[in-house]
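What follows is a single structure, written as structure tokens, with notes after it.
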Amino acid sequence: VADLDTLPFPAWDLVDLDVYAREATWAGALRERRYAPVLTSRGCPYGCTFCHNVFGKTVRRRSASNILDELRLLHRDHGVREVHILDDIFNADAADAAGFMRRLIDAGLGLSIAFPNGLRADLMTADLITLFKAAGTYKINYGVETVSPRLQETIGKRLDVPRALAMIDRTSRAGIITGAYFMLGFPTQTEREIMET
């Protein structure tokens with residue numbers, strides 16, 4: 001689907017959000033009593049060999065207005081106070097991510113925002129982290145996998161590790177709970193590469 005705005009919102013009225021809120025989530029502990037998972041885009045342009053390809057390699061985004069309409073519905077009609085954005089790569093385009101965060105701030109919903117699926121740390125900037133925080137982001141996970149440049153190339157992720165580490169540090173210093181995902185046991189991975197990671 002090229003134009004995601006043509007898709008209807010999930011049938012939130014059929015979901016017992018209180019049941020979901022009582023269960024552990026992959027994001028860890030919740031900040032608010034009731035949350036909802038939201039997808040704002042589909043697709044990822046990167047070629048990581050370990051990842052799924054459910055949504056394809058072309059990033060398609062919902063419009064900011066469309067996303068905000070769903071967030072308002074969740075907030076107003078379902079008492080949602082926390083949103084987990086589960087996009088494959090929400091920050092693929094820094095300008096789009098910044099624009100949405102500005103719109104979210106202007107909307108004044110006061111939501112707590114978490115990114116449990118893993119943003120790409122080397123695409124973050126100091127300004128973007130500041131905007132995320134101002135918009136209500138309290139938790140970000142980053143996909144790192146390995147700090148080995150050799151393995152970054154082998155697995156097709158090609159993360160700029162020094163930049164990623166700097167942005168992870170900056171995220172934490174901004175007061176955002178910061179986590180990262182790592183993988184051990186890549187073919188040909190050495191013990192030294194494991195320890196470095």
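Labels used: A, B, ... for chains in the order of the structure tokens, numbers from 1 for residues in each chain, and numbers from 1 for ligands as shown.
Residues lying within 8 Å of region 182-189 of chain A, counting only C-alpha atoms and ignoring same-chain neighbours fewer than 2 positions away, are Gly143, Val144, Glu145, Thr146, Leu151, Ala180, Glu191, Glu193, Ile194 and Thr197 of chain A.
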Residue subset to file, keeping N, CA, C and O atoms, as a PDB file, in the first residue's frame:
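Final file, part-v6.pdb:
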```
ATOM      1  N   GLY A 143      18.910  -0.004  17.741  1.00  0.00           N
ATOM      2  CA  GLY A 143      19.439  -1.242  17.184  1.00  0.00           C
ATOM      3  C   GLY A 143      20.917  -1.068  16.864  1.00  0.00           C
ATOM      4  O   GLY A 143      21.263  -0.291  15.979  1.00  0.00           O
ATOM      5  N   VAL A 144      21.766  -1.742  17.600  1.00  0.00           N
ATOM      6  CA  VAL A 144      23.215  -1.655  17.379  1.00  0.00           C
ATOM      7  C   VAL A 144      23.728  -2.962  16.784  1.00  0.00           C
ATOM      8  O   VAL A 144      24.489  -2.967  15.830  1.00  0.00           O
ATOM      9  N   GLU A 145      23.345  -4.075  17.357  1.00  0.00           N
ATOM     10  CA  GLU A 145      23.717  -5.437  16.964  1.00  0.00           C
ATOM     11  C   GLU A 145      25.167  -5.774  17.283  1.00  0.00           C
ATOM     12  O   GLU A 145      25.441  -6.699  18.014  1.00  0.00           O
ATOM     13  N   THR A 146      26.126  -5.026  16.729  1.00  0.00           N
ATOM     14  CA  THR A 146      27.545  -5.291  16.963  1.00  0.00           C
ATOM     15  C   THR A 146      28.322  -3.986  16.787  1.00  0.00           C
ATOM     16  O   THR A 146      27.908  -3.127  16.008  1.00  0.00           O
ATOM     17  N   LEU A 151      31.777  -6.774  11.016  1.00  0.00           N
ATOM     18  CA  LEU A 151      30.477  -7.439  11.060  1.00  0.00           C
ATOM     19  C   LEU A 151      29.350  -6.500  10.629  1.00  0.00           C
ATOM     20  O   LEU A 151      28.360  -6.951  10.049  1.00  0.00           O
ATOM     21  N   ALA A 180      19.538  -0.602  24.107  1.00  0.00           N
ATOM     22  CA  ALA A 180      20.067  -0.984  22.798  1.00  0.00           C
ATOM     23  C   ALA A 180      19.918  -2.488  22.613  1.00  0.00           C
ATOM     24  O   ALA A 180      19.892  -3.241  23.590  1.00  0.00           O
ATOM     25  N   GLU A 191      35.656 -14.098  19.454  1.00  0.00           N
ATOM     26  CA  GLU A 191      35.461 -13.804  20.873  1.00  0.00           C
ATOM     27  C   GLU A 191      35.778 -12.343  21.176  1.00  0.00           C
ATOM     28  O   GLU A 191      35.089 -11.698  21.964  1.00  0.00           O
ATOM     29  N   GLU A 193      35.436  -9.766  19.160  1.00  0.00           N
ATOM     30  CA  GLU A 193      34.314  -8.940  18.677  1.00  0.00           C
ATOM     31  C   GLU A 193      33.120  -9.032  19.632  1.00  0.00           C
ATOM     32  O   GLU A 193      32.420  -8.030  19.865  1.00  0.00           O
ATOM     33  N   ILE A 194      32.901 -10.199  20.206  1.00  0.00           N
ATOM     34  CA  ILE A 194      31.835 -10.346  21.188  1.00  0.00           C
ATOM     35  C   ILE A 194      32.133  -9.460  22.401  1.00  0.00           C
ATOM     36  O   ILE A 194      31.256  -8.727  22.883  1.00  0.00           O
ATOM     37  N   THR A 197      31.699  -5.762  21.727  1.00  0.00           N
ATOM     38  CA  THR A 197      30.270  -5.401  21.710  1.00  0.00           C
ATOM     39  C   THR A 197      29.729  -5.339  23.120  1.00  0.00           C
ATOM     40  O   THR A 197      29.040  -4.393  23.477  1.00  0.00           O
TER      41      THR A 197
END
```
Write out, as a Markdown table, each residue of region 18-106 of chain A that has an atom at most 9 Å from region 123-135 of chain A, together with the closest pair of atoms and their distance in Å to one decimal, counting only C-alpha atoms, rows going by chain and rising number.
```
| residue | atom | partner | partner_atom | distance |
| --- | --- | --- | --- | --- |
| A:Asn91 | CA | A:Leu123 | CA | 6.8 |
| A:Ala92 | CA | A:Leu123 | CA | 7.1 |
| A:Asp93 | CA | A:Leu123 | CA | 8.1 |
| A:Ala94 | CA | A:Leu123 | CA | 7.0 |
| A:Ala95 | CA | A:Leu128 | CA | 8.9 |
| A:Ala97 | CA | A:Leu128 | CA | 7.8 |
| A:Ala98 | CA | A:Leu128 | CA | 6.1 |
| A:Met101 | CA | A:Ala135 | CA | 5.9 |
| A:Arg102 | CA | A:Leu131 | CA | 7.1 |
| A:Arg103 | CA | A:Ala135 | CA | 8.8 |
| A:Leu104 | CA | A:Ala135 | CA | 6.2 |
| A:Ile105 | CA | A:Ala135 | CA | 5.0 |
| A:Asp106 | CA | A:Ala135 | CA | 8.8 |
```
Worksheet item: Would you give me, as a VMD selection string, the residues in region 17-193 of chain A that DSSP reads as strand (DSSP E or B)?
Response: chain A and resid 25 28 35 to 38 41 to 42 60 to 61 82 to 85 112 to 119 137 to 145 177 to 182
Item to complete: Give the answer as one residue: which of A:Val59, A:Leu39, A:Cys44, A:Ala121 has the shortest atom-to-atom distance to Val83 (chain A), using only C-alpha atoms?
Response: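 When distances to Val83 (chain A) are compared using only C-alpha atoms, the smallest one comes from A:Leu39.
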Worksheet entry | Long-range neighbours of Thr40 (chain A) as a list in words, 10 Å cut-off, only C-alpha atoms, 3 positions minimum in chain |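 The contact residues come out as Leu4, Asp5, Arg60, Arg61, Arg62, Ser63, Ala64, Asn66, Ile67, Leu68, Ile85, Leu86, Asp87, Asp88, Ile89 and Phe90 of chain A.
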Item to complete: Go through A:Leu73, A:Ala174, A:Ile155, A:Leu17 one by one, measure the shortest atom-to-atom distance of each to Arg33 (chain A) using only C-alpha atoms, and give the residue with the smallest value.
Response: A:Leu17
Worksheet item: Which of region 76-154 of chain A counts as helix (DSSP H, G or I) under DSSP, as a PyMOL selection string please?
Response: chain A and resi 76-78+94-107+121-123+126-134+149-154
Practice prompt. Go through A:His84, A:Arg72, A:Arg158, A:Arg150 and flag the residue nearest Val38 (chain A), using only C-alpha atoms for the distances.
Written response: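 Closest residue, counting only C-alpha atoms: A:His84.
Using only C-alpha atoms, the shortest contact distance between Phe100 (chain A) and any of A:Thr58, A:Asn53, A:Ser41, A:Thr154 is found at A:Ser41.
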Item to complete: Measuring atom to atom with only C-alpha atoms, identify which of A:Gly175, A:Thr137, A:Asp122, A:Trp26 is nearest to Arg163 (chain A).
Response: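 Among A:Gly175, A:Thr137, A:Asp122, A:Trp26, it is A:Asp122 that comes nearest to Arg163 (chain A).
Between CA of Leu74 (chain A) and CA of Tyr35 (chain A) the separation is 9.0 Å.
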Discussion item. Between CA of Leu14 (chain A) and CA of Asn117 (chain A), what distance in Å does the model show, to one decimal?
Written reply: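 If I compute the distance from CA of Leu14 (chain A) to CA of Asn117 (chain A), I get 24.2 Å.
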